[in-house]
file data17.cif (mmCIF, C-alpha atoms)
data_upload
#
loop_
_atom_site.label_atom_id
_atom_site.label_comp_id
_atom_site.auth_asym_id
_atom_site.auth_seq_id
_atom_site.Cartn_x
_atom_site.Cartn_y
_atom_site.Cartn_z
CA MET A 72 21.15 21.50 66.47
CA THR A 73 23.75 21.33 69.22
CA GLU A 74 27.09 22.90 68.46
CA SER A 75 30.25 21.05 69.32
CA PHE A 76 33.95 21.64 68.85
CA GLU A 77 36.22 19.73 66.55
CA ASN A 78 37.14 16.20 67.69
CA GLU A 79 34.61 16.35 70.51
CA THR A 80 33.68 12.73 69.90
CA LYS A 81 37.31 11.67 70.20
CA TYR A 82 37.80 13.63 73.42
CA LEU A 83 34.57 12.21 74.78
CA GLU A 84 35.68 8.66 74.13
CA MET A 85 39.03 9.25 75.81
CA ALA A 86 37.37 10.94 78.76
CA ILE A 87 35.03 7.96 79.16
CA GLN A 88 38.06 5.68 79.21
CA GLY A 89 39.54 7.79 81.99
CA SER A 90 41.70 10.45 80.35
CA LEU A 91 41.66 13.51 82.58
CA GLU A 92 43.38 15.62 79.92
CA ALA A 93 40.63 14.87 77.41
CA PHE A 94 37.97 15.70 79.96
CA ASN A 95 39.67 19.00 80.79
CA SER A 96 39.59 19.89 77.08
CA LEU A 97 35.82 19.53 77.21
CA VAL A 98 35.72 21.60 80.40
CA THR A 99 37.71 24.41 78.80
CA TYR A 100 35.32 24.57 75.85
CA TYR A 101 32.03 24.41 77.74
CA GLN A 102 32.78 26.20 81.00
CA THR A 103 31.45 29.55 79.74
CA ALA A 104 28.11 28.04 78.78
CA VAL A 105 27.87 26.17 82.06
CA TYR A 106 28.80 29.19 84.13
CA ASN A 107 26.30 31.44 82.35
CA THR A 108 23.57 28.86 82.76
CA ALA A 109 24.26 28.61 86.46
CA LEU A 110 24.48 32.39 86.75
CA ARG A 111 21.16 33.03 84.98
CA ILE A 112 19.37 30.47 87.11
CA MET A 113 20.96 31.29 90.45
CA CYS A 114 21.30 35.05 89.82
CA ASP A 115 24.33 35.02 92.07
CA GLU A 116 27.97 34.91 90.95
CA ALA A 117 29.37 33.10 93.98
CA ARG A 118 26.76 30.37 93.82
CA ALA A 119 27.17 30.09 90.06
CA ASP A 120 30.92 29.61 90.60
CA ASP A 121 30.35 26.78 93.11
CA ILE A 122 27.72 25.12 90.98
CA THR A 123 29.92 25.23 87.88
CA GLN A 124 32.76 23.47 89.68
CA THR A 125 30.35 20.98 91.26
CA ALA A 126 28.81 20.26 87.85
CA PHE A 127 32.16 19.43 86.27
CA ILE A 128 33.23 17.27 89.20
CA ASN A 129 29.96 15.33 89.00
CA ALA A 130 30.40 15.01 85.26
CA TRP A 131 33.88 13.52 85.72
CA LYS A 132 32.50 11.17 88.36
CA HIS A 133 29.78 9.83 86.05
CA ILE A 134 31.50 10.17 82.70
CA GLY A 135 31.72 6.40 82.50
CA SER A 136 27.95 6.18 82.23
CA PHE A 137 27.69 8.79 79.47
CA SER A 138 25.98 7.32 76.43
CA GLY A 139 24.93 10.34 74.37
CA THR A 140 26.46 11.95 71.32
CA PHE A 141 27.09 15.51 72.47
CA PHE A 142 28.56 16.68 75.74
CA LYS A 143 26.72 20.02 76.03
CA PRO A 144 23.16 18.78 76.74
CA TRP A 145 24.52 16.36 79.29
CA ILE A 146 26.66 18.86 81.19
CA LEU A 147 23.83 21.43 81.14
CA ARG A 148 21.51 18.84 82.61
CA ILE A 149 23.97 18.22 85.42
CA THR A 150 24.29 21.97 85.92
CA ILE A 151 20.55 22.59 86.09
CA ASN A 152 20.06 19.69 88.50
CA ALA A 153 22.78 21.17 90.69
CA CYS A 154 21.04 24.56 90.48
CA TYR A 155 17.67 23.09 91.45
CA ASP A 156 19.26 21.26 94.37
CA GLU A 157 20.79 24.49 95.57
CA LEU A 158 17.52 26.40 95.13
CA ARG A 159 15.65 23.76 97.14
CA ARG A 160 18.28 23.98 99.85
CA LEU A 161 17.98 27.76 99.93
CA LYS A 162 14.22 27.55 100.24
CA ARG A 163 14.57 25.20 103.20
CA HIS A 164 17.35 27.29 104.78
CA PRO A 165 17.15 30.88 103.59
CA GLU A 166 20.43 32.75 103.87
CA GLN A 167 20.81 36.39 104.82
CA GLU A 168 23.52 38.29 103.04
CA LEU A 169 26.00 39.97 105.38
CA VAL A 170 26.31 43.01 103.16
CA PRO A 171 23.03 43.75 101.35
CA GLN A 172 23.52 44.98 97.83
CA SER A 173 22.15 48.40 97.22
CA GLN A 174 19.48 48.60 94.56
CA ASP A 175 20.74 52.02 93.61
CA SER A 176 24.33 50.96 93.24
CA ASP A 177 25.81 52.03 89.97
CA GLU A 178 28.56 49.46 90.05
CA GLU A 179 26.57 46.77 88.27
CA ASN A 180 25.70 49.19 85.52
CA GLU A 181 29.29 49.70 84.53
CA ASP A 182 30.31 47.80 81.48
CA ALA A 183 33.73 46.43 80.86
CA PRO A 184 35.65 48.64 78.42
CA TRP A 185 35.53 46.07 75.63
CA LEU A 186 31.71 45.96 75.83
CA ILE A 187 31.33 49.66 75.22
CA ASP A 188 30.47 50.39 71.63
CA PRO A 189 32.57 53.40 70.61
CA SER A 190 29.99 54.36 67.96
CA GLU A 191 27.30 54.82 70.62
CA SER A 192 26.59 58.22 72.04
CA PRO A 193 26.51 58.57 75.83
CA VAL A 194 22.74 58.73 75.72
CA GLU A 195 22.57 55.54 73.74
CA GLN A 196 24.96 53.90 76.14
CA ILE A 197 22.80 54.82 79.09
CA GLU A 198 19.66 53.63 77.31
CA ARG A 199 21.33 50.34 76.46
CA GLN A 200 22.48 49.87 80.04
CA ASP A 201 18.99 50.62 81.37
CA ARG A 202 17.48 48.19 78.93
CA GLN A 203 19.93 45.45 79.90
CA GLU A 204 19.28 46.10 83.56
CA ALA A 205 15.54 45.83 82.99
CA ILE A 206 15.95 42.62 81.01
CA LYS A 207 18.14 41.16 83.74
CA SER A 208 15.69 42.17 86.44
CA CYS A 209 12.65 40.75 84.62
CA PHE A 210 14.59 37.58 83.79
CA GLU A 211 15.57 37.05 87.41
CA ASN A 212 11.98 37.60 88.52
CA LEU A 213 10.74 34.69 86.46
CA PRO A 214 9.96 31.45 88.32
CA ASP A 215 12.89 29.05 88.36
CA VAL A 216 11.34 26.50 86.03
CA TYR A 217 10.36 29.17 83.46
CA ARG A 218 13.78 30.75 83.68
CA SER A 219 15.51 27.43 82.96
CA VAL A 220 13.53 26.79 79.81
CA PHE A 221 13.85 30.36 78.65
CA MET A 222 17.58 30.37 79.16
CA LEU A 223 18.21 27.02 77.46
CA ILE A 224 16.18 27.87 74.38
CA ASP A 225 16.86 31.59 73.92
CA ILE A 226 20.34 31.92 75.35
CA GLN A 227 21.87 28.47 74.84
CA GLU A 228 19.91 28.01 71.61
CA MET A 229 18.93 24.41 72.20
CA ASP A 230 15.97 22.74 70.54
CA TYR A 231 12.76 21.77 72.34
CA GLN A 232 13.47 18.05 72.51
CA ALA A 233 16.97 18.56 73.90
CA VAL A 234 15.56 20.85 76.58
CA ALA A 235 12.87 18.27 77.37
CA ASP A 236 15.62 15.65 77.80
CA ILE A 237 17.75 17.94 79.95
CA LEU A 238 14.90 18.90 82.25
CA ASN A 239 13.34 15.47 82.11
CA VAL A 240 9.89 16.84 81.30
CA PRO A 241 7.48 16.21 78.39
CA LEU A 242 7.79 18.25 75.21
CA GLY A 243 4.44 19.91 75.82
CA THR A 244 5.64 21.13 79.22
CA VAL A 245 8.65 22.76 77.57
CA LYS A 246 6.42 24.60 75.07
CA SER A 247 4.01 25.69 77.78
CA ARG A 248 6.74 26.99 80.11
CA LEU A 249 8.48 28.80 77.28
CA LEU A 250 5.27 30.55 76.27
CA ARG A 251 4.54 31.68 79.78
CA ALA A 252 8.15 32.84 80.29
CA ARG A 253 8.09 35.00 77.16
CA LEU A 254 4.69 36.49 77.91
CA ARG A 255 5.81 37.35 81.44
CA MET A 256 9.00 38.92 80.13
CA ARG A 257 7.02 41.02 77.70
CA ASP A 258 4.62 42.23 80.37
CA CYS A 259 7.50 42.96 82.78
CA LEU A 260 9.46 44.93 80.18
CA LYS A 261 6.35 46.85 79.21
CA SER A 262 5.75 47.76 82.83
CA LYS A 263 9.33 49.08 83.08
CA GLY A 264 8.92 51.07 79.93
CA ASN A 265 11.66 49.24 78.09
CA PHE A 266 9.58 47.48 75.51
CA MET B 172 -0.64 38.62 81.48
CA THR B 173 -2.59 39.62 78.40
CA GLU B 174 -3.87 36.72 76.37
CA GLN B 175 -5.57 37.81 73.18
CA LEU B 176 -5.11 34.53 71.42
CA SER B 177 -5.62 30.91 72.49
CA LYS B 178 -2.90 28.97 74.14
CA ASN B 179 -2.56 26.83 71.05
CA ASP B 180 -1.99 29.93 68.92
CA TYR B 181 0.71 31.16 71.25
CA GLU B 182 2.46 27.80 71.15
CA LEU B 183 2.34 27.91 67.38
CA ILE B 184 3.89 31.38 67.48
CA ASN B 185 6.68 30.12 69.74
CA SER B 186 7.34 27.13 67.54
CA TYR B 187 7.37 29.35 64.49
CA LEU B 188 9.89 31.69 66.10
CA ASP B 189 12.12 28.80 67.20
CA GLN B 190 11.91 27.03 63.81
CA GLU B 191 10.30 24.00 65.36
CA LEU B 192 7.49 23.79 62.77
CA ASP B 193 7.79 21.56 59.73
CA ARG B 194 7.49 23.09 56.25
CA LYS B 195 3.80 22.38 55.88
CA ASP B 196 2.90 23.97 59.24
CA VAL B 197 5.13 26.99 58.53
CA LEU B 198 3.24 27.73 55.33
CA LYS B 199 -0.09 27.27 57.05
CA PHE B 200 0.90 29.59 59.91
CA ALA B 201 2.33 32.18 57.56
CA GLY B 202 -1.07 32.29 55.89
CA ARG B 203 -2.80 32.86 59.21
CA MET B 204 -0.29 35.56 60.11
CA ALA B 205 -1.05 37.41 56.92
CA GLU B 206 -4.81 37.23 57.55
CA ASP B 207 -4.90 37.95 61.32
CA PRO B 208 -3.18 41.17 62.54
CA LYS B 209 -3.35 39.98 66.16
CA ILE B 210 -1.21 36.99 65.33
CA SER B 211 1.34 39.10 63.49
CA ALA B 212 1.41 41.62 66.41
CA GLU B 213 2.05 38.83 68.88
CA VAL B 214 4.73 37.33 66.65
CA GLU B 215 6.40 40.72 66.54
CA ASP B 216 6.23 41.13 70.33
CA LEU B 217 7.62 37.73 71.14
CA MET B 218 10.32 38.15 68.51
CA LYS B 219 11.35 41.37 70.27
CA VAL B 220 11.42 39.62 73.66
CA LYS B 221 13.59 36.86 72.17
CA ALA B 222 15.99 39.45 70.73
CA MET B 223 16.16 41.44 73.97
CA VAL B 224 17.04 38.39 76.00
CA LYS B 225 19.91 37.77 73.60
CA GLU B 226 21.26 41.19 74.58
CA LEU B 227 22.14 39.82 77.95
CA PRO B 228 25.95 39.68 77.79
CA THR B 229 27.78 36.42 78.05
CA VAL B 230 29.68 36.60 81.31
CA THR B 231 33.24 35.36 81.30
CA PRO B 232 33.75 32.82 84.08
CA PRO B 233 35.83 34.20 86.96
CA ARG B 234 38.27 31.28 86.79
CA ASN B 235 39.21 28.05 85.03
CA TYR B 236 37.27 24.99 86.10
CA ILE B 237 39.60 22.24 84.89
CA LEU B 238 40.05 19.43 87.36
CA THR B 239 43.36 18.79 89.09
CA ARG B 240 44.64 15.24 89.59
CA ALA B 241 43.73 15.42 93.26
CA MET B 242 40.17 16.49 92.49
CA ALA B 243 39.84 13.81 89.84
CA GLU B 244 41.09 11.06 92.15
CA GLU B 245 38.82 12.18 94.93
CA ALA B 246 35.80 12.13 92.63
CA ARG B 247 36.78 8.92 90.92
CA PRO B 248 39.22 6.71 92.85
CA LYS B 249 41.78 4.76 90.84
CA PRO B 250 40.75 1.28 89.73
CA TRP B 251 42.05 -1.54 91.92
CA TRP B 252 44.65 -2.70 89.41
CA GLU B 253 46.21 0.77 89.21
CA ARG B 254 46.61 0.85 92.99
CA LEU B 255 48.67 -2.35 92.77
CA PHE B 256 51.41 -0.61 90.80
CA PRO B 257 53.56 0.26 93.85
CA VAL B 258 53.12 -3.28 95.20
CA PHE B 259 54.46 -4.85 92.02
CA ARG B 260 57.29 -2.36 91.88
CA THR B 261 58.38 -3.23 95.43
CA ALA B 262 58.02 -6.96 94.73
CA ALA B 263 60.20 -6.67 91.61
CA ALA B 264 62.92 -4.81 93.54
CA PHE B 265 62.84 -7.35 96.38
CA CYS B 266 63.02 -10.36 94.04
CA ALA B 267 65.93 -8.83 92.13
CA LEU B 268 67.91 -8.18 95.31
CA ALA B 269 67.12 -11.58 96.79
CA LEU B 270 68.08 -13.30 93.55
CA ALA B 271 71.41 -11.47 93.45
CA PHE B 272 71.99 -12.47 97.08
CA THR B 273 71.36 -16.15 96.37
CA PHE B 274 74.10 -16.11 93.77
CA LEU B 275 76.62 -14.05 95.74
CA PHE B 276 76.18 -15.64 99.18
CA PRO B 277 77.48 -19.13 98.25
CA MET B 278 80.59 -17.57 96.71
CA PHE B 279 81.34 -15.67 99.92
CA ARG B 280 80.70 -18.77 101.98
CA GLN B 281 83.04 -20.90 99.84
CA GLN B 282 85.79 -18.33 100.11
CA GLN B 283 85.45 -18.18 103.88
CA SER B 284 85.45 -21.95 104.08
CA ASN B 285 88.73 -22.20 102.11
CA GLU B 286 90.42 -19.62 104.30
CA LYS B 287 89.25 -21.34 107.46
CA SER B 288 90.50 -24.77 106.33
CA ALA B 289 93.91 -23.38 105.48
CA ALA B 290 94.22 -21.63 108.85
CA GLU B 291 92.97 -24.48 111.07
CA ASP B 292 94.26 -27.74 109.55
CA PRO B 293 98.00 -28.20 110.20
CA ALA B 294 98.24 -31.23 107.91
CA TYR B 295 96.84 -29.31 105.01
CA SER B 296 99.27 -27.68 102.69
CA GLU B 297 98.66 -26.26 99.28
CA PRO B 298 100.02 -28.29 96.44
CA MET B 299 103.44 -27.14 95.55
CA MET B 300 103.57 -25.34 92.24
CA ALA B 301 105.99 -26.47 89.65
CA ALA B 302 107.95 -23.20 89.78
CA ASP B 303 108.10 -23.30 93.54
CA SER B 304 109.19 -26.92 93.49
CA MET B 305 111.93 -26.14 91.00
CA GLU B 306 113.02 -23.22 93.12
CA TYR B 307 113.01 -25.40 96.17
CA ALA B 308 115.00 -28.02 94.34
CA ASN B 309 117.77 -25.53 93.57
CA GLU B 310 118.07 -24.31 97.14
CA GLU B 311 120.40 -25.89 99.59
CA PRO B 312 118.59 -28.64 101.46
CA LEU B 313 118.91 -27.26 104.97
CA TYR B 314 115.78 -28.93 106.32
CA VAL B 315 115.63 -32.08 104.27
CA GLU B 316 116.32 -34.28 107.18
CA LYS B 317 113.29 -33.15 109.16
CA SER B 318 110.88 -33.29 106.33
CA LEU B 319 112.07 -36.63 105.19
CA SER B 320 111.73 -38.07 108.60
CA PHE B 321 108.17 -36.77 108.82
CA TYR B 322 107.09 -38.49 105.60
CA ASP B 323 109.21 -41.61 105.58
CA GLU B 324 111.16 -42.88 108.51
CA GLU B 325 113.03 -45.40 106.45
CA ILE B 326 115.21 -42.78 104.92
CA VAL B 327 117.89 -41.83 107.39
CA LEU B 328 120.49 -39.28 106.58
CA ASP B 329 124.07 -38.98 107.63
CA ASP B 330 124.56 -35.73 109.50
CA ARG B 331 128.19 -35.34 108.53
CA ASP B 332 127.70 -35.46 104.80
CA TYR B 333 124.32 -33.80 104.74
CA ALA B 334 123.76 -32.88 101.16
CA GLY B 335 125.48 -35.83 99.49
CA ALA B 336 123.86 -38.34 101.80
CA ALA B 337 120.48 -36.91 101.00
CA GLU B 338 121.01 -37.26 97.30
CA GLU B 339 122.23 -40.85 97.53
CA SER B 340 119.37 -41.77 99.81
CA TYR B 341 116.87 -40.44 97.39
CA HIS B 342 118.37 -42.21 94.48
CA ALA B 343 118.49 -45.39 96.45
CA VAL B 344 114.91 -45.30 97.64
CA MET B 345 113.05 -43.39 94.96
CA PRO B 346 114.49 -43.39 91.50
CA SER B 347 113.39 -40.50 89.33
CA TYR B 348 110.73 -41.02 86.71
CA GLY B 349 111.61 -37.93 84.84
CA VAL B 350 108.97 -35.75 86.52
CA MET B 351 110.00 -32.24 87.54
CA GLY B 352 113.18 -32.37 85.55
CA GLY B 353 114.26 -35.71 87.00
CA ASN B 354 114.57 -34.56 90.58
CA PRO B 355 113.67 -37.56 92.74
CA ARG B 356 113.32 -35.45 95.87
CA ILE B 357 110.61 -33.31 94.44
CA GLU B 358 108.83 -36.30 93.00
CA TYR B 359 108.93 -37.99 96.34
CA MET B 360 107.50 -35.02 98.17
CA MET B 361 104.67 -34.64 95.72
CA ARG B 362 103.73 -38.32 95.96
CA GLN B 363 103.85 -38.18 99.72
CA GLU B 364 101.51 -35.25 99.68
CA GLN B 365 99.02 -37.17 97.59
CA ASN B 366 99.26 -40.18 99.84
CA GLN B 367 98.73 -37.98 102.90
CA LYS B 368 95.54 -36.64 101.53
CA THR B 369 94.27 -40.13 100.81
CA GLN B 370 95.25 -41.31 104.25
CA ASN B 371 93.46 -38.38 105.87
CA THR B 372 90.24 -39.39 104.31
CA ILE B 373 90.70 -43.08 105.12
CA GLN B 374 91.69 -42.36 108.71
CA ASP B 375 88.45 -40.53 109.40
CA PRO B 376 85.71 -43.16 109.42
CA ALA B 377 83.05 -40.54 110.24
CA SER B 378 83.23 -38.95 106.81
CA PRO B 379 82.38 -41.30 103.97
CA VAL B 380 84.57 -41.43 100.91
CA ILE B 381 82.98 -39.66 98.06
CA PRO B 382 84.24 -40.64 94.64
CA GLU B 383 85.48 -37.93 92.34
CA GLY B 384 82.67 -36.25 90.41
CA TYR B 385 80.01 -36.96 93.09
CA ILE B 386 78.69 -34.93 96.02
CA SER B 387 77.21 -35.91 99.37
CA VAL B 388 73.48 -36.19 100.08
CA GLU B 389 73.55 -33.10 102.25
CA GLU B 390 75.24 -31.07 99.58
CA ALA B 391 72.68 -32.31 97.05
CA SER B 392 69.76 -31.27 99.30
CA ALA B 393 71.27 -27.87 99.89
CA ALA B 394 71.79 -27.43 96.16
CA GLN B 395 68.17 -28.41 95.45
CA ARG B 396 66.88 -25.95 98.04
CA SER B 397 69.04 -23.22 96.62
CA LEU B 398 67.80 -23.95 93.11
CA ALA B 399 64.16 -23.90 94.25
CA VAL B 400 64.65 -20.55 95.97
CA LYS B 401 66.32 -19.14 92.87
CA MET B 402 63.47 -20.40 90.66
CA ILE B 403 60.83 -18.91 92.94
CA LEU B 404 62.60 -15.56 93.07
CA SER B 405 63.12 -15.57 89.30
CA GLY B 406 59.44 -16.37 88.75
CA GLY B 407 58.42 -13.63 91.15
CA LEU B 408 60.70 -11.14 89.43
CA LEU B 409 59.38 -12.09 85.99
CA LEU B 410 55.72 -11.84 87.10
CA SER B 411 56.29 -8.47 88.76
CA ILE B 412 58.00 -7.07 85.67
CA CYS B 413 55.18 -8.34 83.41
CA ALA B 414 52.56 -6.82 85.72
CA LEU B 415 54.41 -3.49 85.76
CA ILE B 416 54.62 -3.45 81.96
CA ILE B 417 50.90 -4.22 81.60
CA LEU B 418 49.91 -1.58 84.14
CA ARG B 419 52.18 0.97 82.50
CA GLU B 420 50.64 0.27 79.07
CA ARG B 421 47.16 0.72 80.52
CA GLN B 422 48.17 4.04 82.05
CA LYS B 423 49.66 5.19 78.75
CA LYS B 424 46.42 4.36 76.92
CA MET B 425 44.53 6.59 79.32
CA GLN B 426 46.76 9.58 78.67
CA LEU B 427 46.69 11.78 75.63
#

call {"tool": "encode", "arguments": {"input": "data17.cif", "output": "structure tokens"}}
result
Amino acid sequence: MTESFENETKYLEMAIQGSLEAFNSLVTYYQTAVYNTALRIMCDEARADDITQTAFINAWKHIGSFSGTFFKPWILRITINACYDELRRLKRHPEQELVPQSQDSDEENEDAPWLIDPSESPVEQIERQDRQEAIKSCFENLPDVYRSVFMLIDIQEMDYQAVADILNVPLGTVKSRLLRARLRMRDCLKSKGNF
Amino acid sequence: MTEQLSKNDYELINSYLDQELDRKDVLKFAGRMAEDPKISAEVEDLMKVKAMVKELPTVTPPRNYILTRAMAEEARPKPWWERLFPVFRTAAAFCALALAFTFLFPMFRQQQSNEKSAAEDPAYSEPMMAADSMEYANEEPLYVEKSLSFYDEEIVLDDRDYAGAAEESYHAVMPSYGVMGGNPRIEYMMRQEQNQKTQNTIQDPASPVIPEGYISVEEASAAQRSLAVKMILSGGLLLSICALIILRERQKKMQL
């Protein structure tokens, strides 16, 4: 079941009629989900930032043709399409980073203060950080299409049919890709010793 | 990738984990899970993978992605009727000013015409007011002779007895009818003034005599043109104001 915020239907109707304020209310509520979706697919913060803005601009442009009930599946569909477009563009024109990120950098392992559990011992903190790093690495190593399905179902908690509608694929394809994504994740985590 | 079970079994496991099975299939699968340790091991593994992926933290977006007015208008240009708003506003202002001008201009023109007639026409003189005429009547008649001779040559005054001769002449020629306090001189001057005006119009054959209460054809045409212009401007002003009100209501409906 797709979650929505209170009066979403009312805001949707006003946004369809052209109210920018109503549309921005929807943006404020769903921008975290959209950004995280873009981030997990693109695995790059800068690109996720661009894609998030592009997704909302495209949504505003085509809000008049919206005919669904909930805004989230629709905006995530726009986001994933934007991500796929960007991935296709990158495959055609690979980009070289000016400053390569060091694999051994400890900066990405640092958690924000509010994420640190004060009840954890330092050893537990390190183990948790290693585990998260391994999960992130295995997740990013999944093929794009597997990663999309995995992220929508396990992270965004959407049902199979909604994911099939978002990705515009049959239901059986969703089940198959999800299975393969989870099995690959398991094997990858086992190989890293974090399973 | 290790596959100990069939693809169908794995899909059942996934569906079971994601609560996509109906009640009947859940019970059936639960039975298989209890009987087959491989299935239960796989269920446990995939459940762990699902839980680990949920450990990935939700990243706070680096900024707010709400759209500004400029971004919104660039993505979705205003409808054609909303772009007409400034046009109707300008049209309303123009019609209002032009309408005011059509009412004020004739007044200015009439005032200028009056002033010009008074300055240029020597025969024209403003009708004497009753107070002025009374005042004039009480003054010594220093210039009676000249004025009388201008209006009526039949009255000739005796230079030696200036004032008395004037009074006798008046009484002889023009008895008083009780107007202006019975002063025959004043009555005479006022009647002469009226006659002069009538003569002026008769003496000029180029300008037709227009009875009182009527206007000339040219004046009628000018009045009709002026009325038409006023009606057009009024209609334009009314239409512009109605359009502005409708557009404003539409804009209000679109705002929260």

call {"tool": "residues_around", "arguments": {"input": "data17.cif", "residues": "Gly243 of chain A", "least_positions_apart": "3", "cutoff": "12 Å", "atoms": "only C-alpha atoms", "output": "ChimeraX atom specification"}}
result
/A:231-232,234-235,239-240,246-250 /B:178-179,182-183,186

call {"tool": "interface_residues", "arguments": {"input": "data17.cif", "of": "chain A", "to": "chain B", "cutoff": "7 Å", "atoms": "all atoms listed in the file", "output": "ChimeraX atom specification"}}
result
/A:88-90,92,95,98-99,102-103,106-107,124,128,132,203,206,225-226,246,250,253-258

call {"tool": "residues_around", "arguments": {"input": "data17.cif", "residues": "segment 193-205 of chain B", "least_positions_apart": "4", "cutoff": "9 Å", "atoms": "all atoms listed in the file", "output": "number ranges by chain"}}
result
B: 183-184, 187, 209-212, 214

call {"tool": "atom_distance", "arguments": {"input": "data17.cif", "atom1": "atom CA of Trp131 of chain A", "atom2": "atom CA of Cys154 of chain A"}}
result
17.6 Å

call {"tool": "closest_residue", "arguments": {"input": "data17.cif", "among": "A:Leu238, A:Ala252, A:Pro165, A:Phe210", "to": "Ile149 of chain A", "atoms": "all atoms listed in the file"}}
result
A:Leu238

call {"tool": "atom_distance", "arguments": {"input": "data17.cif", "atom1": "atom CA of Thr125 of chain A", "atom2": "atom CA of Thr150 of chain A"}}
result
8.1 Å

call {"tool": "residues_around", "arguments": {"input": "data17.cif", "residues": "segment 253-258 of chain B", "least_positions_apart": "4", "cutoff": "8 Å", "atoms": "only C-alpha atoms", "output": "PyMOL selection string"}}
result
chain B and resi 249+262+415+418

call {"tool": "residues_around", "arguments": {"input": "data17.cif", "residues": "Asp115 of chain A", "least_positions_apart": "3", "cutoff": "12 Å", "atoms": "all atoms listed in the file", "output": "ChimeraX atom specification"}}
result
/A:106-112,118-122,154,157-158,168,172,211

call {"tool": "residues_around", "arguments": {"input": "data17.cif", "residues": "Leu223 of chain A", "least_positions_apart": "4", "cutoff": "9 Å", "atoms": "all atoms listed in the file", "output": "list in words"}}
result
Thr108, Leu147, Arg218, Ser219, Gln227, Glu228, Met229, Asp230 and Val234 of chain A

call {"tool": "atom_distance", "arguments": {"input": "data17.cif", "atom1": "atom CA of Gln395 of chain B", "atom2": "atom CA of Leu408 of chain B"}}
result
19.8 Å

call {"tool": "axis_aligned_box", "arguments": {"input": "data17.cif", "around": "segment 257-272 of chain B", "padding_each_side": "6 Å", "output": "JSON"}}
result
{"center_x": 62.6, "center_y": -6.5, "center_z": 94.3, "size_x": 30.9, "size_y": 25.6, "size_z": 17.5}

call {"tool": "closest_residue", "arguments": {"input": "data17.cif", "among": "A:Ile87, A:Asn78, A:Asn152, A:Lys207", "to": "His133 of chain A", "atoms": "only C-alpha atoms"}}
result
A:Ile87

call {"tool": "decode", "arguments": {"input": "data17.cif", "residues": "segment 200-213 of chain A", "atoms": "N, CA and C atoms", "output": "PDB file, in the first residue's frame"}}
result
ATOM      1  N   GLN A 200      29.533   0.172  10.711  1.00  0.00           N
ATOM      2  CA  GLN A 200      29.975   0.971   9.558  1.00  0.00           C
ATOM      3  C   GLN A 200      30.511   0.078   8.444  1.00  0.00           C
ATOM      4  N   ASP A 201      31.268  -0.957   8.816  1.00  0.00           N
ATOM      5  CA  ASP A 201      31.786  -1.878   7.796  1.00  0.00           C
ATOM      6  C   ASP A 201      30.650  -2.581   7.081  1.00  0.00           C
ATOM      7  N   ARG A 202      29.665  -2.973   7.871  1.00  0.00           N
ATOM      8  CA  ARG A 202      28.531  -3.702   7.283  1.00  0.00           C
ATOM      9  C   ARG A 202      27.781  -2.798   6.311  1.00  0.00           C
ATOM     10  N   GLN A 203      27.569  -1.551   6.719  1.00  0.00           N
ATOM     11  CA  GLN A 203      26.852  -0.613   5.843  1.00  0.00           C
ATOM     12  C   GLN A 203      27.645  -0.337   4.579  1.00  0.00           C
ATOM     13  N   GLU A 204      28.938  -0.246   4.739  1.00  0.00           N
ATOM     14  CA  GLU A 204      29.794  -0.006   3.574  1.00  0.00           C
ATOM     15  C   GLU A 204      29.721  -1.179   2.615  1.00  0.00           C
ATOM     16  N   ALA A 205      29.706  -2.377   3.151  1.00  0.00           N
ATOM     17  CA  ALA A 205      29.625  -3.586   2.324  1.00  0.00           C
ATOM     18  C   ALA A 205      28.270  -3.651   1.617  1.00  0.00           C
ATOM     19  N   ILE A 206      27.225  -3.325   2.362  1.00  0.00           N
ATOM     20  CA  ILE A 206      25.883  -3.346   1.756  1.00  0.00           C
ATOM     21  C   ILE A 206      25.822  -2.336   0.610  1.00  0.00           C
ATOM     22  N   LYS A 207      26.356  -1.155   0.888  1.00  0.00           N
ATOM     23  CA  LYS A 207      26.337  -0.094  -0.137  1.00  0.00           C
ATOM     24  C   LYS A 207      27.131  -0.519  -1.359  1.00  0.00           C
ATOM     25  N   SER A 208      28.279  -1.118  -1.137  1.00  0.00           N
ATOM     26  CA  SER A 208      29.126  -1.533  -2.248  1.00  0.00           C
ATOM     27  C   SER A 208      28.446  -2.615  -3.073  1.00  0.00           C
ATOM     28  N   CYS A 209      27.887  -3.622  -2.395  1.00  0.00           N
ATOM     29  CA  CYS A 209      27.200  -4.714  -3.121  1.00  0.00           C
ATOM     30  C   CYS A 209      25.984  -4.189  -3.850  1.00  0.00           C
ATOM     31  N   PHE A 210      25.269  -3.252  -3.213  1.00  0.00           N
ATOM     32  CA  PHE A 210      24.076  -2.673  -3.834  1.00  0.00           C
ATOM     33  C   PHE A 210      24.444  -1.926  -5.114  1.00  0.00           C
ATOM     34  N   GLU A 211      25.535  -1.169  -5.032  1.00  0.00           N
ATOM     35  CA  GLU A 211      25.939  -0.373  -6.199  1.00  0.00           C
ATOM     36  C   GLU A 211      26.492  -1.246  -7.310  1.00  0.00           C
ATOM     37  N   ASN A 212      26.920  -2.450  -6.953  1.00  0.00           N
ATOM     38  CA  ASN A 212      27.461  -3.354  -7.984  1.00  0.00           C
ATOM     39  C   ASN A 212      26.393  -4.132  -8.721  1.00  0.00           C
ATOM     40  N   LEU A 213      25.161  -4.026  -8.252  1.00  0.00           N
ATOM     41  CA  LEU A 213      24.073  -4.709  -8.950  1.00  0.00           C
ATOM     42  C   LEU A 213      23.829  -4.044 -10.303  1.00  0.00           C
TER      43      LEU A 213
END
